[in-house]
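Raw entry-v4.txt, compact mmCIF, C-alpha atoms (C1' of nucleotides):
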# COMPACT_ATOMS: atom_id res chain seq x y z
CA MET A 1 0.00 0.00 0.00
CA GLY A 2 0.96 3.66 0.04
CA ARG A 3 1.92 5.77 -2.94
CA PRO A 4 3.77 3.83 -5.63
CA ARG A 5 7.09 4.90 -7.17
CA GLN A 6 6.61 7.22 -10.09
CA PHE A 7 9.90 6.17 -11.70
CA ASP A 8 11.51 2.95 -12.83
CA GLU A 9 14.24 2.03 -10.37
CA GLU A 10 16.27 0.14 -12.96
CA GLN A 11 16.18 3.03 -15.38
CA VAL A 12 17.26 5.56 -12.75
CA LEU A 13 20.04 3.23 -11.65
CA ASP A 14 21.13 3.00 -15.25
CA GLN A 15 21.28 6.77 -15.59
CA ALA A 16 23.17 7.18 -12.33
CA MET A 17 25.61 4.46 -13.37
CA LYS A 18 26.40 6.29 -16.59
CA VAL A 19 27.16 9.54 -14.78
CA PHE A 20 29.51 7.85 -12.33
CA TRP A 21 31.04 5.89 -15.17
CA ARG A 22 31.79 9.01 -17.15
CA GLN A 23 32.84 11.34 -14.33
CA GLY A 24 33.99 9.18 -11.45
CA TYR A 25 32.70 9.22 -7.90
CA ALA A 26 34.17 12.37 -6.38
CA ALA A 27 33.60 14.46 -9.49
CA THR A 28 29.90 13.59 -9.58
CA SER A 29 27.60 15.77 -7.49
CA ILE A 30 24.10 15.05 -6.29
CA LYS A 31 23.06 17.88 -8.55
CA ASP A 32 24.50 15.99 -11.53
CA LEU A 33 22.51 12.93 -10.56
CA VAL A 34 19.36 14.97 -10.01
CA GLY A 35 19.82 16.53 -13.43
CA GLU A 36 20.43 13.23 -15.19
CA THR A 37 17.68 11.22 -13.52
CA GLY A 38 15.05 13.95 -13.27
CA LEU A 39 14.37 12.97 -9.66
CA ASN A 40 14.51 15.36 -6.74
CA PRO A 41 17.16 14.95 -4.04
CA GLY A 42 14.55 13.66 -1.62
CA SER A 43 13.36 10.90 -3.94
CA LEU A 44 16.92 9.88 -4.66
CA TYR A 45 17.73 9.57 -0.97
CA GLU A 46 14.46 7.87 -0.14
CA ALA A 47 14.98 5.22 -2.80
CA PHE A 48 18.73 4.60 -2.74
CA GLY A 49 20.17 6.04 0.47
CA ASP A 50 23.09 8.44 0.33
CA LYS A 51 25.58 9.08 -2.46
CA HIS A 52 27.85 6.24 -1.43
CA ASP A 53 24.99 3.76 -1.28
CA LEU A 54 23.84 4.84 -4.71
CA PHE A 55 27.35 4.39 -6.06
CA LEU A 56 27.53 0.85 -4.73
CA ALA A 57 24.16 0.14 -6.31
CA ALA A 58 25.43 1.60 -9.59
CA ILE A 59 28.48 -0.67 -9.51
CA SER A 60 26.30 -3.69 -8.90
CA HIS A 61 24.01 -2.61 -11.70
CA TYR A 62 27.03 -2.32 -13.99
CA ARG A 63 28.01 -5.85 -13.17
CA GLY A 64 24.49 -7.10 -13.68
CA THR A 65 24.14 -5.50 -17.10
CA ILE A 66 27.34 -4.47 -18.88
CA VAL A 67 29.67 -7.09 -17.45
CA ARG A 68 27.02 -9.77 -17.59
CA ARG A 69 26.50 -9.21 -21.30
CA ARG A 70 30.23 -9.43 -22.01
CA LEU A 71 30.60 -12.65 -20.06
CA GLU A 72 27.67 -14.23 -21.85
CA GLU A 73 29.17 -13.27 -25.17
CA MET A 74 32.48 -14.85 -24.13
CA ALA A 75 30.91 -18.12 -23.03
CA LYS A 76 29.36 -18.87 -26.40
CA PRO A 77 30.54 -21.97 -28.25
CA GLY A 78 33.76 -22.00 -30.26
CA PRO A 79 37.46 -22.67 -29.79
CA GLY A 80 38.82 -21.24 -26.53
CA TYR A 81 41.41 -19.12 -28.27
CA ASP A 82 38.91 -17.62 -30.70
CA ARG A 83 36.51 -16.68 -27.92
CA ILE A 84 39.28 -14.90 -26.03
CA ALA A 85 40.56 -13.18 -29.16
CA GLY A 86 37.04 -12.04 -29.96
CA PHE A 87 36.68 -10.53 -26.52
CA PHE A 88 39.87 -8.53 -26.89
CA ASN A 89 38.90 -7.32 -30.33
CA ASP A 90 35.55 -6.12 -29.04
CA LEU A 91 37.35 -4.44 -26.17
CA VAL A 92 39.60 -2.44 -28.47
CA GLN A 93 36.62 -1.56 -30.62
CA PHE A 94 34.66 -0.22 -27.68
CA SER A 95 37.60 1.50 -26.01
CA THR A 96 38.50 3.50 -29.09
CA GLY A 97 34.87 4.14 -30.03
CA GLU A 98 31.86 4.94 -27.94
CA GLY A 99 33.60 4.02 -24.68
CA ARG A 100 36.62 6.20 -25.31
CA LEU A 101 35.77 8.69 -22.58
CA MET A 102 34.39 6.23 -20.07
CA GLY A 103 36.59 3.14 -19.98
CA CYS A 104 35.37 0.54 -17.53
CA LEU A 105 33.52 1.48 -14.37
CA MET A 106 35.27 -1.31 -12.49
CA THR A 107 38.72 -0.22 -13.59
CA ASN A 108 37.88 3.38 -12.80
CA SER A 109 36.61 2.44 -9.36
CA ALA A 110 39.58 0.20 -8.66
CA VAL A 111 41.89 3.14 -9.29
CA GLU A 112 39.86 5.92 -7.69
CA LEU A 113 38.38 4.22 -4.66
CA ALA A 114 39.42 0.64 -3.98
CA PRO A 115 42.44 1.44 -1.78
CA HIS A 116 40.41 3.67 0.53
CA ASP A 117 36.91 2.23 0.35
CA ARG A 118 36.37 -1.30 1.57
CA ASP A 119 32.85 -1.63 0.16
CA VAL A 120 34.00 -0.65 -3.31
CA ALA A 121 37.10 -2.82 -3.01
CA VAL A 122 34.98 -5.87 -2.28
CA LEU A 123 32.69 -5.31 -5.25
CA VAL A 124 35.56 -4.60 -7.62
CA ALA A 125 37.53 -7.62 -6.46
CA ALA A 126 34.49 -9.85 -6.91
CA ASN A 127 34.05 -8.53 -10.41
CA LEU A 128 37.68 -9.14 -11.30
CA MET A 129 37.36 -12.66 -9.94
CA GLU A 130 34.35 -13.25 -12.14
CA MET A 131 36.19 -12.08 -15.21
CA GLU A 132 39.15 -14.22 -14.26
CA ARG A 133 36.89 -17.23 -13.89
CA ALA A 134 35.45 -16.63 -17.35
CA PHE A 135 38.94 -16.51 -18.85
CA HIS A 136 39.84 -19.60 -16.86
CA GLY A 137 37.02 -21.54 -18.44
CA LEU A 138 38.04 -20.48 -21.92
CA VAL A 139 41.70 -21.27 -21.31
CA VAL A 140 40.82 -24.78 -20.20
CA ARG A 141 38.56 -25.13 -23.20
CA GLY A 142 41.34 -23.96 -25.49
CA GLN A 143 43.92 -26.28 -23.95
CA GLN A 144 41.54 -29.17 -24.55
CA ASP A 145 40.51 -28.30 -28.08
CA GLY A 146 44.09 -27.54 -29.05
CA SER A 147 43.58 -23.87 -29.88
CA ILE A 148 45.76 -22.91 -26.89
CA VAL A 149 49.19 -24.49 -26.81
CA ASN A 150 50.55 -22.91 -23.63
CA ASP A 151 50.06 -25.52 -20.91
CA ASP A 152 50.90 -23.31 -17.95
CA PRO A 153 48.35 -23.34 -15.11
CA PRO A 154 45.04 -21.89 -16.36
CA ASP A 155 44.81 -19.78 -13.21
CA GLU A 156 47.96 -17.94 -14.13
CA LEU A 157 46.97 -17.46 -17.76
CA ALA A 158 43.53 -16.25 -16.76
CA ARG A 159 45.01 -13.75 -14.34
CA PHE A 160 47.42 -12.53 -16.98
CA LEU A 161 44.55 -11.93 -19.38
CA THR A 162 42.54 -10.11 -16.71
CA VAL A 163 45.44 -7.80 -15.98
CA SER A 164 45.92 -7.19 -19.69
CA VAL A 165 42.33 -6.02 -19.94
CA GLN A 166 42.96 -3.46 -17.20
CA GLY A 167 46.06 -2.23 -18.97
CA LEU A 168 44.20 -1.77 -22.23
CA ARG A 169 41.47 0.18 -20.47
CA VAL A 170 43.99 2.57 -18.97
CA MET A 171 45.96 3.01 -22.16
CA SER A 172 42.90 3.68 -24.26
CA LYS A 173 41.95 6.57 -21.99
CA ALA A 174 45.30 8.26 -22.43
CA ASN A 175 46.01 7.30 -26.03
CA PRO A 176 43.11 5.65 -27.86
CA ASP A 177 45.07 4.60 -30.94
CA GLU A 178 43.31 1.60 -32.45
CA ALA A 179 46.28 0.28 -34.42
CA ALA A 180 48.59 0.52 -31.41
CA LEU A 181 46.11 -1.28 -29.19
CA ASN A 182 45.67 -4.02 -31.78
CA GLY A 183 49.40 -4.57 -31.68
CA VAL A 184 49.25 -4.90 -27.92
CA VAL A 185 46.42 -7.41 -28.23
CA ARG A 186 48.46 -9.39 -30.76
CA GLN A 187 51.30 -9.74 -28.26
CA THR A 188 48.94 -10.53 -25.43
CA LEU A 189 47.29 -13.34 -27.36
CA SER A 190 50.69 -14.66 -28.43
CA VAL A 191 51.16 -15.88 -24.88
CA LEU A 192 48.46 -18.46 -25.44
CA ARG A 193 50.14 -19.99 -28.47
CA MET B 194 64.53 41.80 -4.64
CA GLY B 195 61.59 41.82 -2.28
CA ARG B 196 60.89 39.30 0.42
CA PRO B 197 62.28 35.84 -0.33
CA ARG B 198 60.28 32.59 -0.16
CA GLN B 199 60.25 31.11 3.30
CA PHE B 200 59.68 27.60 2.00
CA ASP B 201 61.42 25.28 -0.40
CA GLU B 202 59.37 25.08 -3.60
CA GLU B 203 60.58 21.59 -4.47
CA GLN B 204 59.71 20.29 -1.06
CA VAL B 205 56.21 21.77 -1.12
CA LEU B 206 55.69 20.37 -4.60
CA ASP B 207 56.78 16.99 -3.30
CA GLN B 208 54.25 17.15 -0.49
CA ALA B 209 51.45 18.27 -2.78
CA MET B 210 52.33 15.50 -5.22
CA LYS B 211 52.00 12.89 -2.52
CA VAL B 212 48.55 14.07 -1.49
CA PHE B 213 47.28 14.03 -5.08
CA TRP B 214 48.97 10.68 -5.59
CA ARG B 215 47.24 9.15 -2.60
CA GLN B 216 43.81 10.77 -2.93
CA GLY B 217 43.36 11.76 -6.55
CA TYR B 218 42.56 15.21 -7.89
CA ALA B 219 38.88 15.70 -7.10
CA ALA B 220 39.12 14.13 -3.64
CA THR B 221 41.93 16.49 -2.62
CA SER B 222 40.89 19.84 -1.19
CA ILE B 223 42.91 23.00 -0.82
CA LYS B 224 42.55 22.44 2.90
CA ASP B 225 44.28 19.07 2.52
CA LEU B 226 47.13 20.73 0.68
CA VAL B 227 47.36 23.53 3.22
CA GLY B 228 47.49 20.96 6.00
CA GLU B 229 50.15 18.86 4.32
CA THR B 230 52.41 21.66 3.18
CA GLY B 231 51.98 23.99 6.14
CA LEU B 232 51.49 26.92 3.77
CA ASN B 233 48.51 29.24 3.85
CA PRO B 234 46.08 29.33 0.93
CA GLY B 235 47.46 32.67 -0.17
CA SER B 236 51.05 31.46 -0.36
CA LEU B 237 49.96 28.39 -2.27
CA TYR B 238 48.10 30.47 -4.83
CA GLU B 239 50.84 33.06 -5.05
CA ALA B 240 53.48 30.43 -5.75
CA PHE B 241 51.68 27.86 -7.87
CA GLY B 242 48.47 29.36 -9.22
CA ASP B 243 45.16 27.59 -8.69
CA LYS B 244 44.45 23.96 -7.83
CA HIS B 245 44.63 22.78 -11.41
CA ASP B 246 47.94 24.52 -12.03
CA LEU B 247 49.36 22.99 -8.89
CA PHE B 248 48.20 19.57 -10.00
CA LEU B 249 49.94 19.94 -13.35
CA ALA B 250 53.08 21.02 -11.52
CA ALA B 251 52.76 17.98 -9.25
CA ILE B 252 52.50 15.66 -12.25
CA SER B 253 55.57 17.20 -13.81
CA HIS B 254 57.40 16.90 -10.51
CA TYR B 255 56.41 13.23 -10.37
CA ARG B 256 57.90 12.69 -13.78
CA GLY B 257 61.06 14.57 -12.84
CA THR B 258 61.65 12.55 -9.70
CA ILE B 259 59.82 9.22 -9.39
CA VAL B 260 59.65 8.32 -13.07
CA ARG B 261 63.10 9.69 -13.76
CA ARG B 262 64.63 7.44 -11.10
CA ARG B 263 62.90 4.37 -12.50
CA LEU B 264 64.05 5.11 -16.03
CA GLU B 265 67.63 5.62 -14.93
CA GLU B 266 67.53 2.34 -13.07
CA MET B 267 66.23 0.62 -16.20
CA ALA B 268 68.89 2.07 -18.46
CA LYS B 269 71.78 0.61 -16.48
CA PRO B 270 74.04 -1.92 -18.22
CA GLY B 271 73.05 -5.55 -18.55
CA PRO B 272 71.15 -7.85 -20.89
CA GLY B 273 67.96 -6.27 -22.22
CA TYR B 274 65.75 -9.01 -20.90
CA ASP B 275 67.23 -8.85 -17.40
CA ARG B 276 66.78 -5.10 -17.22
CA ILE B 277 63.13 -5.41 -18.17
CA ALA B 278 62.57 -8.31 -15.79
CA GLY B 279 64.18 -6.32 -13.00
CA PHE B 280 61.87 -3.42 -13.65
CA PHE B 281 58.78 -5.60 -13.40
CA ASN B 282 60.02 -7.26 -10.23
CA ASP B 283 60.60 -3.88 -8.61
CA LEU B 284 57.15 -2.85 -9.76
CA VAL B 285 55.46 -5.78 -8.05
CA GLN B 286 57.52 -5.19 -4.95
CA PHE B 287 56.48 -1.55 -4.73
CA SER B 288 52.86 -2.15 -5.71
CA THR B 289 52.30 -4.71 -2.98
CA GLY B 290 54.37 -2.82 -0.42
CA GLU B 291 54.67 0.86 0.32
CA GLY B 292 52.89 1.89 -2.87
CA ARG B 293 49.90 -0.36 -2.30
CA LEU B 294 47.50 2.51 -1.63
CA MET B 295 48.90 4.93 -4.18
CA GLY B 296 49.68 3.08 -7.37
CA CYS B 297 51.12 5.34 -10.04
CA LEU B 298 50.18 9.01 -10.27
CA MET B 299 50.25 8.79 -14.07
CA THR B 300 47.97 5.78 -14.19
CA ASN B 301 45.64 7.38 -11.67
CA SER B 302 45.55 10.61 -13.65
CA ALA B 303 45.03 8.79 -16.94
CA VAL B 304 41.95 7.12 -15.51
CA GLU B 305 40.54 10.03 -13.49
CA LEU B 306 41.25 13.00 -15.72
CA ALA B 307 42.81 12.31 -19.11
CA PRO B 308 39.53 11.93 -21.03
CA HIS B 309 38.18 15.27 -19.80
CA ASP B 310 41.30 17.36 -19.21
CA ARG B 311 43.49 18.16 -22.16
CA ASP B 312 46.40 19.49 -20.11
CA VAL B 313 46.56 16.35 -18.03
CA ALA B 314 46.10 14.16 -21.10
CA VAL B 315 49.12 15.74 -22.76
CA LEU B 316 51.36 15.24 -19.74
CA VAL B 317 50.21 11.67 -19.20
CA ALA B 318 50.64 10.77 -22.85
CA ALA B 319 54.14 12.24 -22.87
CA ASN B 320 55.01 10.20 -19.84
CA LEU B 321 53.70 6.99 -21.37
CA MET B 322 55.70 7.73 -24.49
CA GLU B 323 58.82 8.15 -22.41
CA MET B 324 58.28 4.83 -20.69
CA GLU B 325 57.60 3.22 -24.04
CA ARG B 326 60.83 4.63 -25.40
CA ALA B 327 62.76 3.22 -22.46
CA PHE B 328 61.28 -0.22 -23.09
CA HIS B 329 62.02 0.19 -26.77
CA GLY B 330 65.69 0.74 -26.07
CA LEU B 331 65.89 -2.32 -23.86
CA VAL B 332 64.03 -4.49 -26.36
CA VAL B 333 66.47 -3.55 -29.09
CA ARG B 334 69.32 -4.19 -26.72
CA GLY B 335 67.89 -7.60 -25.85
CA GLN B 336 67.32 -8.55 -29.46
CA GLN B 337 70.95 -7.73 -30.18
CA ASP B 338 72.49 -9.44 -27.16
CA GLY B 339 70.28 -12.49 -27.66
CA SER B 340 68.44 -12.26 -24.34
CA ILE B 341 65.20 -11.49 -26.24
CA VAL B 342 64.25 -13.99 -28.93
CA ASN B 343 60.99 -12.44 -30.10
CA ASP B 344 61.88 -10.49 -33.25
CA ASP B 345 58.60 -8.66 -33.65
CA PRO B 346 58.87 -4.88 -34.10
CA PRO B 347 60.35 -3.32 -30.96
CA ASP B 348 57.65 -0.62 -31.05
CA GLU B 349 54.97 -3.22 -30.61
CA LEU B 350 56.79 -5.08 -27.86
CA ALA B 351 57.53 -1.84 -26.04
CA ARG B 352 53.90 -0.82 -26.22
CA PHE B 353 52.81 -4.20 -24.96
CA LEU B 354 55.11 -3.87 -21.96
CA THR B 355 53.88 -0.36 -21.24
CA VAL B 356 50.28 -1.52 -21.24
CA SER B 357 51.20 -4.43 -18.99
CA VAL B 358 52.61 -2.00 -16.46
CA GLN B 359 49.29 -0.13 -16.40
CA GLY B 360 47.41 -3.37 -15.89
CA LEU B 361 49.60 -4.37 -12.98
CA ARG B 362 49.10 -0.99 -11.34
CA VAL B 363 45.34 -1.33 -11.54
CA MET B 364 45.26 -4.90 -10.36
CA SER B 365 47.52 -4.23 -7.40
CA LYS B 366 45.11 -1.59 -6.15
CA ALA B 367 42.18 -3.97 -6.17
CA ASN B 368 43.98 -7.17 -5.20
CA PRO B 369 47.60 -6.71 -4.11
CA ASP B 370 48.52 -10.40 -4.04
CA GLU B 371 52.27 -10.65 -4.61
CA ALA B 372 52.29 -14.27 -5.77
CA ALA B 373 49.48 -13.67 -8.24
CA LEU B 374 51.18 -10.60 -9.66
CA ASN B 375 54.45 -12.50 -10.02
CA GLY B 376 52.59 -15.07 -12.10
CA VAL B 377 51.29 -12.32 -14.31
CA VAL B 378 54.78 -10.91 -14.71
CA ARG B 379 56.05 -14.36 -15.64
CA GLN B 380 53.55 -14.57 -18.48
CA THR B 381 54.24 -11.03 -19.57
CA LEU B 382 57.95 -11.65 -19.81
CA SER B 383 57.36 -14.92 -21.65
CA VAL B 384 56.35 -12.84 -24.66
CA LEU B 385 59.96 -11.73 -25.03
CA ARG B 386 61.36 -15.26 -25.20
C1' DC C 387 67.90 54.39 6.82
C1' DA C 388 64.23 54.94 3.34
C1' DT C 389 61.99 52.86 -0.32
C1' DA C 390 60.39 49.47 -3.46
C1' DT C 391 59.26 44.92 -4.00
C1' DT C 392 57.79 40.58 -2.91
C1' DA C 393 55.92 36.99 0.50
C1' DT C 394 52.95 35.73 4.34
C1' DT C 395 48.89 35.77 6.92
C1' DG C 396 44.26 34.39 7.80
C1' DA C 397 39.83 36.21 7.55
C1' DA C 398 36.29 36.53 4.25
C1' DC C 399 33.83 35.61 -0.18
C1' DA C 400 30.21 33.61 -2.97
C1' DG C 401 29.13 29.24 -4.49
C1' DT C 402 28.50 24.40 -4.05
C1' DC C 403 28.56 20.24 -1.34
C1' DG C 404 25.72 16.21 0.56
C1' DT C 405 21.74 15.78 3.21
C1' DT C 406 17.29 16.58 5.67
C1' DC C 407 12.57 17.58 6.37
C1' DA C 408 7.96 19.49 6.70
C1' DA C 409 4.30 19.88 3.60
C1' DG C 410 1.54 18.03 0.08
C1' DA C 411 0.15 14.22 -3.24
C1' DA C 412 -1.27 9.63 -4.53
C1' DA C 413 -2.35 5.15 -3.77
C1' DG C 414 -4.50 0.75 -0.96
C1' DG C 415 -7.41 -1.06 2.85
C1' DC C 416 -11.48 -0.61 5.47
C1' DG D 417 -14.95 8.52 1.86
C1' DC D 418 -11.77 8.39 5.38
C1' DC D 419 -7.37 6.78 7.21
C1' DT D 420 -2.94 4.98 6.84
C1' DT D 421 1.03 4.50 4.36
C1' DT D 422 4.34 5.64 1.08
C1' DC D 423 6.41 8.80 -2.28
C1' DT D 424 7.32 13.55 -4.10
C1' DT D 425 8.55 18.19 -3.78
C1' DG D 426 11.83 21.79 -3.27
C1' DA D 427 13.33 24.89 0.02
C1' DA D 428 16.59 25.01 3.60
C1' DC D 429 20.64 23.45 6.41
C1' DG D 430 25.40 23.81 8.03
C1' DA D 431 29.69 22.49 6.29
C1' DC D 432 32.97 22.81 3.06
C1' DT D 433 34.60 24.28 -1.74
C1' DG D 434 38.25 27.00 -4.37
C1' DT D 435 39.77 31.58 -4.39
C1' DT D 436 40.78 36.48 -3.20
C1' DC D 437 42.59 40.35 -0.76
C1' DA D 438 43.84 43.99 2.42
C1' DA D 439 47.02 44.17 6.06
C1' DT D 440 51.48 43.02 7.63
C1' DA D 441 56.25 41.32 7.42
C1' DA D 442 60.69 40.72 5.45
C1' DT D 443 64.15 41.33 2.33
C1' DA D 444 67.24 43.89 -1.66
C1' DT D 445 68.57 48.06 -3.46
C1' DG D 446 70.02 52.84 -3.41

Translate the structure described by the file into structure tokens.
Amino acid sequence: MGRPRQFDEEQVLDQAMKVFWRQGYAATSIKDLVGETGLNPGSLYEAFGDKHDLFLAAISHYRGTIVRRRLEEMAKPGPGYDRIAGFFNDLVQFSTGEGRLMGCLMTNSAVELAPHDRDVAVLVAANLMEMERAFHGLVVRGQQDGSIVNDDPPDELARFLTVSVQGLRVMSKANPDEAALNGVVRQTLSVLR
Amino acid sequence: MGRPRQFDEEQVLDQAMKVFWRQGYAATSIKDLVGETGLNPGSLYEAFGDKHDLFLAAISHYRGTIVRRRLEEMAKPGPGYDRIAGFFNDLVQFSTGEGRLMGCLMTNSAVELAPHDRDVAVLVAANLMEMERAFHGLVVRGQQDGSIVNDDPPDELARFLTVSVQGLRVMSKANPDEAALNGVVRQTLSVLR
DNA sequence: CATATTATTGAACAGTCGTTCAAGAAAGGC
DNA sequence: GCCTTTCTTGAACGACTGTTCAATAATATG
């Protein structure tokens, strides 16, 4: 009972996520969020708690939408190596295109907040683990189907790939040169051969 | 003529740099800087301009001290591969130790500001170029002395190594596990063999 | 010593920050 | 149709933001 919400929570969360994604946590004001979502401060606080709470919700939403989609795309059938290569190619595409100014909300949060914010650190670490696990699965797949020759422990290879993704995200914010990034990807993938 | 400075500019710049390094740009207030340096707001503005100017000066100071030292260490005599490996080992050591909460001011700035701040972007890009050039020199050296077998273009290998450094800096902020990072370094260096 | 020049001090500025809250609006249950 | 409950509104809060400035202090020069 009582008055129902006049907005769609998911949609507002999506808008808030994009602002944080583009600007970072400290550089985003409540006013920015009010402007983007169309809600009043009171509604924002009533529905999501304070700024920090909303940020945590935005990170979780990111994982549940953006990251989720990527991981599903990765897990599709095909040789392990090809699936990994496809992921990296998409990454370069996005990082030099529409995502040039935003990067990855997880990477951004890891750098801006993780060392000083336990809540954020936990969420970011969990997300990195999830990505690592996805790579792990594909590495094992590739070692079995013969598309990956390197027989080092899959854990280590998966971690290496996860770190490489972070590096690409940083580099593409400072110098989004598609050809250069493709060269980097070529060397990264060469580890698997 | 006139009244001389009562503080050492270099030292104040060093203190300001450390605050920005630890907290980021947006999360650092003038009050923080006043507290750390011991100067009054007026002196700070008189000597360095506004907050943004001071930040640019801090980045340049970082390059002139921290980065400079690293590059000199890299350039010392020895097989190309060993010099590169030594750099990465030092990096892991620092990233999991005293630098665990700070990372790299250039990486931090690339993520937080580069996409929206041209001045910062230029300085960060120049710094990345410098690091890339250092790697380039060592790759060529290694290819000549036989310690590096991979005969791909040195530009590409140098860029790959530079990106790997960024990835390690991000990962060590979210999950500073020394053993895991050493595994990543192992795979990274395997590209050179 | 007088003067010109520069540096220091710290209070003060207008604006913005994140957050709260009393008043009013909209629904369900009786 | 009233009452309870929940949500919305937007003004208001005190604290803090980056920045300025008039007053004062300290030096170099003549």

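Interface residues of chain C facing chain A, defined by any atom at most 7 Å away and using only C-alpha atoms (C1' of nucleotides), are DA412, DA413 and DG414 of chain C.
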
Residue hits in chain D, query chain B, radius 12 Å, all atoms listed in the file, as an MDAnalysis selection string: chainID D and resid 432:437 441:445

Output file for the selection above: C-alpha atoms (C1' of nucleotides), as a compact mmCIF listing (two decimals), in the coordinates of the input:
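selection_4.txt written:
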# COMPACT_ATOMS: atom_id res chain seq x y z
C1' DC D 432 32.97 22.81 3.06
C1' DT D 433 34.60 24.28 -1.74
C1' DG D 434 38.25 27.00 -4.37
C1' DT D 435 39.77 31.58 -4.39
C1' DT D 436 40.78 36.48 -3.20
C1' DC D 437 42.59 40.35 -0.76
C1' DA D 441 56.25 41.32 7.42
C1' DA D 442 60.69 40.72 5.45
C1' DT D 443 64.15 41.33 2.33
C1' DA D 444 67.24 43.89 -1.66
C1' DT D 445 68.57 48.06 -3.46

Exercise: segment 368-379 of chain B partners within 6 Å, all atoms listed in the file, chain neighbours under 4 positions left out, as number ranges by chain: A: 156, 160; B: 289, 364

Would you tabulate, counting only C-alpha atoms, all residues of chain B that have an atom at most 8 Å from an atom of chain A, showing the closest pair of atoms and their distance in Å to one decimal, sorted by chain then ascending number, as a tab-separated table?
residue	atom	partner	partner_atom	distance
B:Gln216	CA	A:Glu112	CA	7.9
B:Gly217	CA	A:Glu112	CA	6.9
B:Ala219	CA	A:Ala26	CA	5.8
B:Ala220	CA	A:Ala26	CA	5.9
B:Arg293	CA	A:Pro115	CA	7.7
B:Leu294	CA	A:Pro115	CA	5.2
B:Met295	CA	A:Pro115	CA	7.7
B:Thr300	CA	A:Val170	CA	7.0
B:Asn301	CA	A:Val111	CA	6.1
B:Ala303	CA	A:Ala174	CA	5.5
B:Val304	CA	A:Val170	CA	6.1
B:Glu305	CA	A:Gly24	CA	6.9
B:Ala307	CA	A:Ala174	CA	5.8
B:Pro308	CA	A:Leu101	CA	5.2
B:His309	CA	A:Leu101	CA	7.5
B:Ala314	CA	A:Ala174	CA	6.1
B:Val317	CA	A:Ala174	CA	6.8
B:Ala318	CA	A:Ala174	CA	5.9
B:Glu349	CA	A:Gly183	CA	5.8
B:Leu350	CA	A:Gln187	CA	7.2
B:Arg352	CA	A:Val184	CA	6.4
B:Phe353	CA	A:Val184	CA	4.7
B:Val356	CA	A:Gly167	CA	4.8
B:Ser357	CA	A:Gly167	CA	5.6
B:Val358	CA	A:Gly167	CA	7.0
B:Gln359	CA	A:Gly167	CA	4.6
B:Gly360	CA	A:Gly167	CA	3.6
B:Leu361	CA	A:Val163	CA	6.2
B:Val363	CA	A:Val111	CA	6.1
B:Met364	CA	A:Val163	CA	6.3
B:Lys366	CA	A:Pro115	CA	6.0
B:Ala367	CA	A:Ala110	CA	5.5
B:Asn368	CA	A:Ala125	CA	6.6
B:Ala373	CA	A:Glu156	CA	7.4
B:Gly376	CA	A:Glu156	CA	5.8
B:Val377	CA	A:Phe160	CA	4.7
B:Val378	CA	A:Phe160	CA	7.9
B:Gln380	CA	A:Phe160	CA	6.6
B:Thr381	CA	A:Phe160	CA	7.4
B:Ser383	CA	A:Val191	CA	7.1
B:Val384	CA	A:Val191	CA	6.0

C:DC387, C:DA393, C:DA411, C:DA398 ranked by distance to DC423 of chain D, top pick (using all atoms listed in the file): C:DA411

Closest of D:DG417, D:DC429, D:DT422, D:DT440 to DT405 of chain C - atom-to-atom distances counting only C-alpha atoms (C1' of nucleotides):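 Ranked by minimum distance to DT405 of chain C, first place goes to D:DC429.
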
I want to know what sits within 7 Å of segment 53-65 of chain A, based on all atoms listed in the file, with residues of the same chain fewer than 2 positions away left out; could you give that as a CSV table (one decimal) with C-alpha atoms, in the frame of the given file?
chain,number,residue,atom,x,y,z
A,13,LEU,CA,20.0,3.2,-11.6
A,16,ALA,CA,23.2,7.2,-12.3
A,17,MET,CA,25.6,4.5,-13.4
A,48,PHE,CA,18.7,4.6,-2.7
A,49,GLY,CA,20.2,6.0,0.5
A,50,ASP,CA,23.1,8.4,0.3
A,51,LYS,CA,25.6,9.1,-2.5
A,67,VAL,CA,29.7,-7.1,-17.4
A,68,ARG,CA,27.0,-9.8,-17.6
A,69,ARG,CA,26.5,-9.2,-21.3
A,120,VAL,CA,34.0,-0.6,-3.3

Centre, x/y/z edge lengths, axis-aligned box for segment 425-440 of chain D with 6 Å per side, as lines of an AutoDock Vina configuration file:
center_x = 30.0
center_y = 31.2
center_z = 1.8
size_x = 54.9
size_y = 38.0
size_z = 24.4

Residue contacts of DA408 of chain C (12 Å, only C-alpha atoms (C1' of nucleotides)) excluding same-chain residues fewer than 5 positions away, as JSON, numbers by chain: {"D": [425, 426, 427, 428]}

Distance query 10 Å from (51.6, 15.6, 1.3) using all atoms listed in the file, result as a list in words: Gln204, Val205, Leu206, Asp207, Gln208, Ala209, Met210, Lys211, Val212, Phe213, Trp214, Arg215, Asp225, Leu226, Val227, Gly228, Glu229, Thr230 and Gly231 of chain B

d(atom CA of Gly271 of chain B, atom CA of Glu291 of chain B) in Å: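 If I compute the distance from atom CA of Gly271 of chain B to atom CA of Glu291 of chain B, I get 27.1 Å.
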